[in-house]
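To be precise, the following lines are target-v4.pdb, and they hold PDB, C-alpha atoms and all ligand atoms.
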```pdb
ATOM      1  CA  MET A   1      -8.626 -10.021 -10.821
ATOM      2  CA  GLY A   2      -5.308 -11.673 -11.665
ATOM      3  CA  THR A   3      -2.653 -12.331  -9.097
ATOM      4  CA  ASP A   4       0.960 -11.275  -9.347
ATOM      5  CA  ASN A   5       3.068 -12.040  -6.318
ATOM      6  CA  ARG A   6       6.129 -10.212  -7.562
ATOM      7  CA  PRO A   7       7.114  -7.387  -5.180
ATOM      8  CA  ILE A   8       6.816  -3.622  -5.405
ATOM      9  CA  GLY A   9      10.275  -1.994  -5.338
ATOM     10  CA  ILE A  10      10.689   1.239  -3.391
ATOM     11  CA  LEU A  11      13.938   3.220  -3.362
ATOM     12  CA  ASP A  12      15.417   6.307  -1.793
ATOM     13  CA  SER A  13      18.808   7.736  -0.899
ATOM     14  CA  GLY A  14      18.301   6.303   2.576
ATOM     15  CA  PHE A  15      15.499   6.236   5.128
ATOM     16  CA  GLY A  16      13.174   8.889   3.667
ATOM     17  CA  GLY A  17      11.376   6.508   1.329
ATOM     18  CA  LEU A  18      10.264   4.534   4.358
ATOM     19  CA  SER A  19       7.554   7.165   4.767
ATOM     20  CA  ILE A  20       6.292   6.087   1.332
ATOM     21  CA  PHE A  21       6.785   2.433   2.287
ATOM     22  CA  LEU A  22       4.427   3.001   5.252
ATOM     23  CA  ALA A  23       1.806   4.699   3.078
ATOM     24  CA  VAL A  24       1.945   1.935   0.448
ATOM     25  CA  ARG A  25       1.780  -0.802   3.074
ATOM     26  CA  SER A  26      -1.156   0.855   4.759
ATOM     27  CA  GLN A  27      -3.185   0.985   1.505
ATOM     28  CA  MET A  28      -1.957  -2.385   0.179
ATOM     29  CA  PRO A  29      -1.148  -4.523   3.215
ATOM     30  CA  THR A  30      -0.789  -7.785   1.311
ATOM     31  CA  GLU A  31       1.680  -6.573  -1.315
ATOM     32  CA  PRO A  32       5.243  -7.826  -0.948
ATOM     33  CA  ILE A  33       7.717  -4.921  -0.863
ATOM     34  CA  LEU A  34      11.432  -4.616  -1.533
ATOM     35  CA  TYR A  35      12.954  -1.449  -0.108
ATOM     36  CA  PHE A  36      16.330  -0.084  -1.190
ATOM     37  CA  GLY A  37      18.077   2.658   0.807
ATOM     38  CA  ASP A  38      21.208   3.981  -0.911
ATOM     39  CA  SER A  39      22.715   4.870   2.483
ATOM     40  CA  LYS A  40      26.304   4.756   1.345
ATOM     41  CA  PHE A  41      25.633   7.593  -1.089
ATOM     42  CA  ALA A  42      23.137   9.609   0.972
ATOM     43  CA  PRO A  43      22.314  12.405   0.923
ATOM     44  CA  TYR A  44      21.433  13.003  -2.729
ATOM     45  CA  GLY A  45      20.278  16.569  -2.073
ATOM     46  CA  LYS A  46      23.331  18.465  -3.289
ATOM     47  CA  LYS A  47      24.888  15.846  -5.556
ATOM     48  CA  ASP A  48      25.364  16.211  -9.250
ATOM     49  CA  PRO A  49      22.198  15.261 -11.190
ATOM     50  CA  SER A  50      24.157  12.876 -13.441
ATOM     51  CA  PHE A  51      25.425  11.036 -10.354
ATOM     52  CA  ILE A  52      21.910  10.753  -8.914
ATOM     53  CA  LYS A  53      20.550   9.481 -12.233
ATOM     54  CA  GLU A  54      23.250   6.863 -12.470
ATOM     55  CA  ARG A  55      22.652   5.630  -8.911
ATOM     56  CA  VAL A  56      18.907   5.431  -9.363
ATOM     57  CA  GLU A  57      19.228   3.712 -12.711
ATOM     58  CA  LYS A  58      21.430   1.033 -11.163
ATOM     59  CA  ILE A  59      19.142   0.549  -8.197
ATOM     60  CA  ILE A  60      16.086   0.211 -10.453
ATOM     61  CA  ASN A  61      18.008  -2.318 -12.519
ATOM     62  CA  PHE A  62      18.808  -4.247  -9.330
ATOM     63  CA  LEU A  63      15.181  -4.178  -8.138
ATOM     64  CA  ILE A  64      13.939  -5.353 -11.520
ATOM     65  CA  GLY A  65      16.509  -8.146 -11.268
ATOM     66  CA  GLN A  66      14.758  -9.050  -7.996
ATOM     67  CA  GLU A  67      11.523  -9.267  -9.998
ATOM     68  CA  ALA A  68       9.969  -5.944  -8.961
ATOM     69  CA  LYS A  69       6.686  -5.460 -10.845
ATOM     70  CA  LEU A  70       6.478  -1.721 -10.140
ATOM     71  CA  ILE A  71       9.045   0.799  -8.931
ATOM     72  CA  VAL A  72       8.483   3.773  -6.655
ATOM     73  CA  VAL A  73      11.230   6.386  -6.747
ATOM     74  CA  ALA A  74      10.404   7.482  -3.206
ATOM     75  CA  CYS A  75      12.644  10.507  -3.336
ATOM     76  CA  ASN A  76      11.674  13.968  -4.556
ATOM     77  CA  THR A  77      15.273  14.793  -5.438
ATOM     78  CA  ALA A  78      15.718  11.695  -7.598
ATOM     79  CA  THR A  79      12.291  12.137  -9.189
ATOM     80  CA  VAL A  80      12.736  15.744 -10.287
ATOM     81  CA  THR A  81      16.230  14.897 -11.501
ATOM     82  CA  GLY A  82      15.333  12.075 -13.822
ATOM     83  CA  ILE A  83      11.883  10.502 -13.779
ATOM     84  CA  ASP A  84      11.559  10.652 -17.588
ATOM     85  CA  TYR A  85      15.028   9.156 -17.979
ATOM     86  CA  TYR A  86      14.189   6.211 -15.678
ATOM     87  CA  ARG A  87      10.918   5.606 -17.507
ATOM     88  CA  GLN A  88      12.647   5.674 -20.892
ATOM     89  CA  ASN A  89      15.307   3.230 -19.724
ATOM     90  CA  PHE A  90      12.889   0.787 -18.101
ATOM     91  CA  PRO A  91       9.759   0.880 -20.262
ATOM     92  CA  SER A  92       8.559  -2.556 -19.185
ATOM     93  CA  VAL A  93       7.903  -1.621 -15.548
ATOM     94  CA  PRO A  94       5.630   1.171 -14.277
ATOM     95  CA  ILE A  95       7.662   3.777 -12.385
ATOM     96  CA  VAL A  96       5.965   6.110  -9.920
ATOM     97  CA  GLY A  97       7.773   9.226  -8.713
ATOM     98  CA  VAL A  98       7.316  11.476  -5.694
ATOM     99  CA  VAL A  99       7.138  15.257  -5.999
ATOM    100  CA  PRO A 100       6.015  18.046  -3.647
ATOM    101  CA  VAL A 101       2.198  18.149  -3.532
ATOM    102  CA  LEU A 102       1.827  21.593  -5.062
ATOM    103  CA  LYS A 103      -1.480  20.803  -6.708
ATOM    104  CA  THR A 104      -3.163  20.137  -3.362
ATOM    105  CA  ALA A 105      -1.317  23.016  -1.715
ATOM    106  CA  GLY A 106      -2.410  25.418  -4.469
ATOM    107  CA  LYS A 107      -6.041  24.393  -3.965
ATOM    108  CA  MET A 108      -5.864  24.533  -0.209
ATOM    109  CA  THR A 109      -4.110  27.821   0.481
ATOM    110  CA  LYS A 110      -6.269  30.777   1.431
ATOM    111  CA  SER A 111      -3.441  33.216   2.051
ATOM    112  CA  ASN A 112      -1.816  32.293  -1.296
ATOM    113  CA  LYS A 113       1.466  31.743   0.482
ATOM    114  CA  ILE A 114       2.918  28.237   0.525
ATOM    115  CA  ALA A 115       6.218  27.006   1.964
ATOM    116  CA  ILE A 116       8.106  23.917   0.795
ATOM    117  CA  LEU A 117      10.713  22.147   2.909
ATOM    118  CA  GLU A 118      13.038  20.389   0.480
ATOM    119  CA  THR A 119      16.537  19.720  -0.763
ATOM    120  CA  THR A 120      18.539  22.234  -2.780
ATOM    121  CA  THR A 121      18.268  20.101  -5.919
ATOM    122  CA  THR A 122      14.483  19.879  -5.703
ATOM    123  CA  ALA A 123      14.220  23.610  -5.034
ATOM    124  CA  ARG A 124      16.320  24.476  -8.096
ATOM    125  CA  SER A 125      14.744  21.989 -10.453
ATOM    126  CA  SER A 126      12.840  23.017 -13.542
ATOM    127  CA  TYR A 127      10.427  20.202 -12.670
ATOM    128  CA  GLN A 128       9.359  22.081  -9.554
ATOM    129  CA  THR A 129       9.218  25.421 -11.366
ATOM    130  CA  ASN A 130       6.795  23.823 -13.829
ATOM    131  CA  LEU A 131       4.653  22.467 -10.974
ATOM    132  CA  ILE A 132       4.479  25.921  -9.413
ATOM    133  CA  ASN A 133       3.552  27.551 -12.730
ATOM    134  CA  LYS A 134       0.888  24.950 -13.321
ATOM    135  CA  PHE A 135      -0.718  24.632  -9.900
ATOM    136  CA  ALA A 136       0.276  27.606  -7.775
ATOM    137  CA  ALA A 137       0.890  30.390 -10.263
ATOM    138  CA  ASN A 138      -0.986  32.938  -8.187
ATOM    139  CA  CYS A 139       0.827  32.003  -4.963
ATOM    140  CA  LYS A 140       3.999  33.117  -3.313
ATOM    141  CA  VAL A 141       6.009  29.944  -2.845
ATOM    142  CA  VAL A 142       8.781  30.050  -0.257
ATOM    143  CA  SER A 143      11.401  27.345  -0.583
ATOM    144  CA  VAL A 144      13.225  26.306   2.567
ATOM    145  CA  ALA A 145      16.239  24.169   1.650
ATOM    146  CA  CYS A 146      17.030  21.846   4.554
ATOM    147  CA  ASP A 147      19.678  19.439   3.250
ATOM    148  CA  ASP A 148      21.275  19.209   6.706
ATOM    149  CA  LEU A 149      18.169  17.498   8.114
ATOM    150  CA  VAL A 150      18.643  14.543   5.781
ATOM    151  CA  VAL A 151      22.132  13.892   7.150
ATOM    152  CA  LYS A 152      20.914  14.144  10.731
ATOM    153  CA  LEU A 153      18.081  11.727  10.053
ATOM    154  CA  GLU A 154      20.414   9.322   8.272
ATOM    155  CA  ASN A 155      22.395   9.252  11.521
ATOM    156  CA  GLY A 156      19.227   8.346  13.378
ATOM    157  CA  ASP A 157      19.244  11.636  15.314
ATOM    158  CA  LEU A 158      15.540  12.412  15.232
ATOM    159  CA  GLU A 159      15.606  14.975  18.034
ATOM    160  CA  VAL A 160      18.691  16.728  16.624
ATOM    161  CA  ALA A 161      17.075  16.838  13.177
ATOM    162  CA  GLY A 162      13.854  18.121  14.741
ATOM    163  CA  LYS A 163      15.614  20.987  16.517
ATOM    164  CA  ALA A 164      17.379  21.923  13.259
ATOM    165  CA  LEU A 165      14.024  21.887  11.488
ATOM    166  CA  GLU A 166      12.516  24.216  14.092
ATOM    167  CA  ASN A 167      15.440  26.541  13.446
ATOM    168  CA  HIS A 168      14.821  26.534   9.689
ATOM    169  CA  LEU A 169      11.169  27.316  10.280
ATOM    170  CA  GLN A 170      12.000  30.199  12.602
ATOM    171  CA  LYS A 171      14.493  31.701  10.162
ATOM    172  CA  GLY A 172      12.386  31.266   7.041
ATOM    173  CA  ASN A 173      10.170  34.022   5.751
ATOM    174  CA  LEU A 174       6.999  32.156   6.669
ATOM    175  CA  LYS A 175       4.701  34.958   7.773
ATOM    176  CA  ASP A 176       1.181  34.323   6.382
ATOM    177  CA  VAL A 177       2.079  30.826   5.132
ATOM    178  CA  ASP A 178      -0.979  28.621   5.656
ATOM    179  CA  VAL A 179       0.214  25.459   3.862
ATOM    180  CA  LEU A 180       3.562  23.802   4.520
ATOM    181  CA  VAL A 181       4.611  21.134   2.018
ATOM    182  CA  LEU A 182       7.050  18.407   3.051
ATOM    183  CA  GLY A 183       8.954  18.173  -0.235
ATOM    184  CA  CYS A 184      11.429  15.541   0.915
ATOM    185  CA  THR A 185      10.342  12.088   2.009
ATOM    186  CA  HIS A 186      12.742  12.165   4.977
ATOM    187  CA  PHE A 187      10.915  15.084   6.551
ATOM    188  CA  VAL A 188       7.703  13.140   7.071
ATOM    189  CA  PHE A 189       9.428  11.573  10.074
ATOM    190  CA  LEU A 190       9.887  15.075  11.506
ATOM    191  CA  ARG A 191       6.275  16.112  11.182
ATOM    192  CA  LYS A 192       5.817  16.632  14.904
ATOM    193  CA  PHE A 193       8.430  19.406  14.796
ATOM    194  CA  THR A 194       6.420  21.366  12.223
ATOM    195  CA  GLN A 195       3.377  21.816  14.418
ATOM    196  CA  ASN A 196       1.982  25.286  14.227
ATOM    197  CA  SER A 197      -1.711  26.004  14.297
ATOM    198  CA  SER A 198      -1.468  28.548  11.510
ATOM    199  CA  TRP A 199      -0.564  26.087   8.743
ATOM    200  CA  ARG A 200      -1.575  22.724   7.355
ATOM    201  CA  VAL A 201       1.258  20.286   6.776
ATOM    202  CA  LEU A 202       1.075  18.146   3.615
ATOM    203  CA  ASP A 203       3.138  15.229   2.425
ATOM    204  CA  SER A 204       2.969  13.022  -0.666
ATOM    205  CA  GLY A 205       2.563   9.590   0.948
ATOM    206  CA  GLU A 206      -1.159   9.035   0.580
ATOM    207  CA  ALA A 207      -1.349  10.341  -2.993
ATOM    208  CA  VAL A 208       1.611   8.209  -4.081
ATOM    209  CA  ALA A 209       0.149   5.100  -2.467
ATOM    210  CA  ARG A 210      -3.183   5.779  -4.203
ATOM    211  CA  GLN A 211      -1.367   6.059  -7.526
ATOM    212  CA  VAL A 212       0.473   2.772  -6.914
ATOM    213  CA  LYS A 213      -2.818   1.094  -6.017
ATOM    214  CA  ARG A 214      -4.500   2.441  -9.147
ATOM    215  CA  ILE A 215      -1.739   1.079 -11.400
ATOM    216  CA  ILE A 216      -1.800  -2.294  -9.665
ATOM    217  CA  GLU A 217      -5.562  -2.559 -10.002
ATOM    218  CA  ASN A 218      -5.638  -1.363 -13.627
ATOM    219  CA  ASN A 219      -2.920  -3.835 -14.599
ATOM    220  CA  LYS A 220      -4.464  -6.612 -12.531
ATOM    221  CA  ILE A 221      -1.182  -7.302 -10.786
ATOM    222  CA  ALA A 222      -2.253  -7.329  -7.130
ATOM    223  CA  GLY A 223      -0.346  -9.870  -5.073
ATOM    224  CA  PHE A 224       0.122 -11.513  -1.725
ATOM    225  CA  GLY A 225       3.472 -11.440  -0.132
ATOM    226  CA  ARG A 226       6.027 -12.661   2.144
ATOM    227  CA  GLU A 227       7.675 -10.336   4.605
ATOM    228  CA  SER A 228       9.271  -7.169   3.197
ATOM    229  CA  ILE A 229      12.950  -7.278   2.335
ATOM    230  CA  PHE A 230      15.245  -4.317   2.914
ATOM    231  CA  PHE A 231      18.436  -3.623   0.985
ATOM    232  CA  THR A 232      21.046  -1.012   1.703
ATOM    233  CA  SER A 233      24.327   0.007   0.124
ATOM    234  CA  GLY A 234      25.533   0.884   3.638
ATOM    235  CA  ASP A 235      25.853  -1.135   6.807
ATOM    236  CA  GLU A 236      22.946  -3.563   7.083
ATOM    237  CA  LYS A 237      22.895  -3.704  10.889
ATOM    238  CA  ALA A 238      22.815   0.063  11.300
ATOM    239  CA  PHE A 239      20.205   0.303   8.556
ATOM    240  CA  ALA A 240      17.932  -2.317  10.128
ATOM    241  CA  LYS A 241      18.167  -0.617  13.499
ATOM    242  CA  ILE A 242      17.290   2.918  12.388
ATOM    243  CA  ALA A 243      14.773   1.821   9.758
ATOM    244  CA  GLY A 244      13.065  -0.443  12.304
ATOM    245  CA  PHE A 245      12.837   2.478  14.705
ATOM    246  CA  LEU A 246      11.332   4.729  12.017
ATOM    247  CA  ILE A 247       8.705   2.252  10.816
ATOM    248  CA  LYS A 248       8.096   1.005  14.333
ATOM    249  CA  SER A 249       8.584  -2.649  13.569
ATOM    250  CA  GLU A 250      11.511  -4.987  13.766
ATOM    251  CA  ILE A 251      13.352  -5.529  10.491
ATOM    252  CA  LYS A 252      14.402  -9.129  10.186
ATOM    253  CA  ASN A 253      15.503  -9.308   6.590
ATOM    254  CA  CYS A 254      18.041  -6.611   5.718
ATOM    255  CA  GLN A 255      20.844  -7.195   3.240
ATOM    256  CA  ARG A 256      23.805  -5.152   2.161
ATOM    257  CA  VAL A 257      24.117  -4.755  -1.574
ATOM    258  CA  GLY A 258      27.143  -3.051  -3.054
ATOM    259  CA  ILE A 259      26.197  -1.409  -6.309
ATOM    260  CA  THR A 260      29.226   0.321  -7.709
ATOM    261  CA  ASN A 261      28.958   3.466  -9.712
ATOM    262  CA  ASP A 262      32.055   3.108 -11.816
ATOM    263  CA  SER A 263      30.964   0.530 -14.363
ATOM    264  CA  ASP A 264      27.851  -0.912 -15.848
ATOM    265  CA  LYS A 265      28.196  -4.010 -13.740
ATOM    266  CA  ILE A 266      26.238  -4.496 -10.586
ATOM    267  CA  HIS A 267      28.270  -6.177  -7.880
ATOM    268  CA  LEU A 268      26.429  -7.955  -5.157
ATOM    269  CA  SER A 269      28.479  -8.474  -2.044
TER     270      SER A 269
HETATM  271  N1  LIG B   1      14.379  11.668   0.555
HETATM  272  C1  LIG B   1      14.865  12.522  -0.412
HETATM  273  C2  LIG B   1      13.888  13.432  -1.069
HETATM  274  O1  LIG B   1      12.714  13.167  -1.015
HETATM  275  C3  LIG B   1      16.308  12.723  -0.637
HETATM  276  C4  LIG B   1      17.041  13.453   0.395
HETATM  277  C5  LIG B   1      18.512  13.443   0.120
HETATM  278  O2  LIG B   1      19.078  12.380  -0.072
HETATM  279  O3  LIG B   1      19.097  14.532   0.120
HETATM  280  O4  LIG B   1      14.264  14.409  -1.655
END
```
Do you think you could lay out the structure here as structure tokens?
Amino acid sequence: MGTDNRPIGILDSGFGGLSIFLAVRSQMPTEPILYFGDSKFAPYGKKDPSFIKERVEKIINFLIGQEAKLIVVACNTATVTGIDYYRQNFPSVPIVGVVPVLKTAGKMTKSNKIAILETTTTARSSYQTNLINKFAANCKVVSVACDDLVVKLENGDLEVAGKALENHLQKGNLKDVDVLVLGCTHFVFLRKFTQNSSWRVLDSGEAVARQVKRIIENNKIAGFGRESIFFTSGDEKAFAKIAGFLIKSEIKNCQRVGITNDSDKIHLS
């Protein structure tokens, strides 16, 4: 097998994609990873799709400039908004997206009632409607839009976000739901607040990491890396602190990168 020590680039609006980072690192511990959290512009959940596409396009461009050999759009909202657009614009690099795991949920449910915790944009997307029609057509799918949790998590308030999540779950029409899908990468860090013996809780991490591994093996681009590097459009100290807490390891290399949205130029500061 060939060796390619260029890094994998993973991006999200903020900290959510770190749940994908953990899954990728666990399946491919030697791969170097660049992580980009667009903290200054988080949350994406209710923003205009054209704004989200522009941000993600610029971040992918930045990561490719840092020699990323594969990109993971570790954000359901950004994926359903523009995965085809990103792939068209960057045909030379494989781009993996993250979407709610409706295929697995559709196979797993016995009650034929599934709930998805997600952002408003993901819930309203035609991408998700297509997934439901394809994989869960005979199921009742309840969407619980929890955009507020993203903001709370971005502030590092895990317990506050957890309590808000419990509230959403109590208010939602979840009677008979036996599969709960975490349709936002942020919510994986709140898994302990979703405990309820009557449902299974699914997230996309393992499947996405498997897909990344498959592409790397098929293209013979496995590599051996240095320590991961973290980039944020927000404050690098605050980012390193909260991200380090979430991934349970100290973040030594975190850099602030200002990518403006008002021109085609990328400004590094
Ligand atoms: N982590 C994100 C997702 O998977 C985005 C959340 C947000 O920025 O609103 O959808």
*asked:* Within 10 Å of ligand LIG 1 (chain B) (counting all atoms listed in the file), which residues show up? I'd like them as a VMD selection string.
replied: chain A and resid 11 to 20 37 to 39 41 to 47 52 73 to 80 97 to 100 117 to 123 146 to 151 153 to 154 182 to 188 204
*Selection dump of the PyMOL selection byres (((chain A and resi 4) around 9) and not hetatm), as number ranges by chain*: A: 2-3, 5-7, 69, 220-224
Give me a file of those residues, with C-alpha atoms, as a CSV table (one decimal), in the frame of the given file.
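Below you can see out_32.csv, which holds the result:
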```csv
chain,number,residue,atom,x,y,z
A,2,GLY,CA,-5.3,-11.7,-11.7
A,3,THR,CA,-2.7,-12.3,-9.1
A,5,ASN,CA,3.1,-12.0,-6.3
A,6,ARG,CA,6.1,-10.2,-7.6
A,7,PRO,CA,7.1,-7.4,-5.2
A,69,LYS,CA,6.7,-5.5,-10.8
A,220,LYS,CA,-4.5,-6.6,-12.5
A,221,ILE,CA,-1.2,-7.3,-10.8
A,222,ALA,CA,-2.3,-7.3,-7.1
A,223,GLY,CA,-0.3,-9.9,-5.1
A,224,PHE,CA,0.1,-11.5,-1.7
```
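Restricting the calculation to all atoms listed in the file, the smallest distance between Arg200 in chain A and any of A:Leu70, A:Asp48, A:Val177, A:Ile64 is found for A:Val177.
Computed from the coordinates, the CA of Ile259 in chain A to CA of Ile95 in chain A distance equals 20.2 Å.
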*Which residue, A:Ala161, A:Ile116, A:Ile251, A:Leu102, has the smallest gap to Asn130 in chain A when you use only C-alpha atoms?*
A:Leu102
*For each of A:Ala136, A:Val142, A:Leu190, A:Ile114, take the minimum atom-to-atom distance to Val160 in chain A, counting all atoms listed in the file, then give the residue where this is smallest.*
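Looking only at the distances to Val160 in chain A, the closest residue turns out to be A:Leu190.
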_For Lys175 in chain A, find every residue with an atom within 10 Å (counting all atoms listed in the file), except residues of its own chain fewer than 3 positions away, and show them as a PyMOL selection string._
chain A and resi 113+115+170+172+178+198
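Using all atoms listed in the file, the shortest contact distance between Thr109 in chain A and any of A:Ile59, A:Leu246, A:Leu180, A:Leu22 is found at A:Leu180.
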Export range 235-246 of chain A, N, CA and C atoms, as a compact mmCIF listing (two decimals), in the first residue's frame; it's the structure right above.
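Contents of result_13.txt, freshly written:
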```txt
# COMPACT_ATOMS: atom_id res chain seq x y z
N ASP A 235 -12.21 32.55 18.66
CA ASP A 235 -11.08 32.76 19.56
C ASP A 235 -10.35 31.43 19.80
N GLU A 236 -9.05 31.41 19.51
CA GLU A 236 -8.35 30.12 19.55
C GLU A 236 -8.19 29.57 20.96
N LYS A 237 -8.10 30.46 21.96
CA LYS A 237 -7.92 29.96 23.33
C LYS A 237 -9.21 29.32 23.82
N ALA A 238 -10.32 30.01 23.58
CA ALA A 238 -11.62 29.47 24.00
C ALA A 238 -11.89 28.17 23.26
N PHE A 239 -11.55 28.15 21.98
CA PHE A 239 -11.79 26.94 21.18
C PHE A 239 -10.99 25.76 21.74
N ALA A 240 -9.70 26.00 21.99
CA ALA A 240 -8.84 24.91 22.48
C ALA A 240 -9.34 24.37 23.81
N LYS A 241 -9.84 25.27 24.63
CA LYS A 241 -10.30 24.85 25.96
C LYS A 241 -11.54 23.95 25.86
N ILE A 242 -12.55 24.42 25.14
CA ILE A 242 -13.80 23.64 25.07
C ILE A 242 -13.59 22.37 24.23
N ALA A 243 -12.88 22.52 23.12
CA ALA A 243 -12.64 21.34 22.27
C ALA A 243 -11.84 20.28 23.04
N GLY A 244 -10.84 20.73 23.79
CA GLY A 244 -10.03 19.80 24.58
C GLY A 244 -10.88 19.06 25.60
N PHE A 245 -11.81 19.79 26.20
CA PHE A 245 -12.73 19.19 27.17
C PHE A 245 -13.61 18.13 26.48
N LEU A 246 -14.09 18.47 25.29
CA LEU A 246 -15.00 17.54 24.59
C LEU A 246 -14.28 16.28 24.10
```
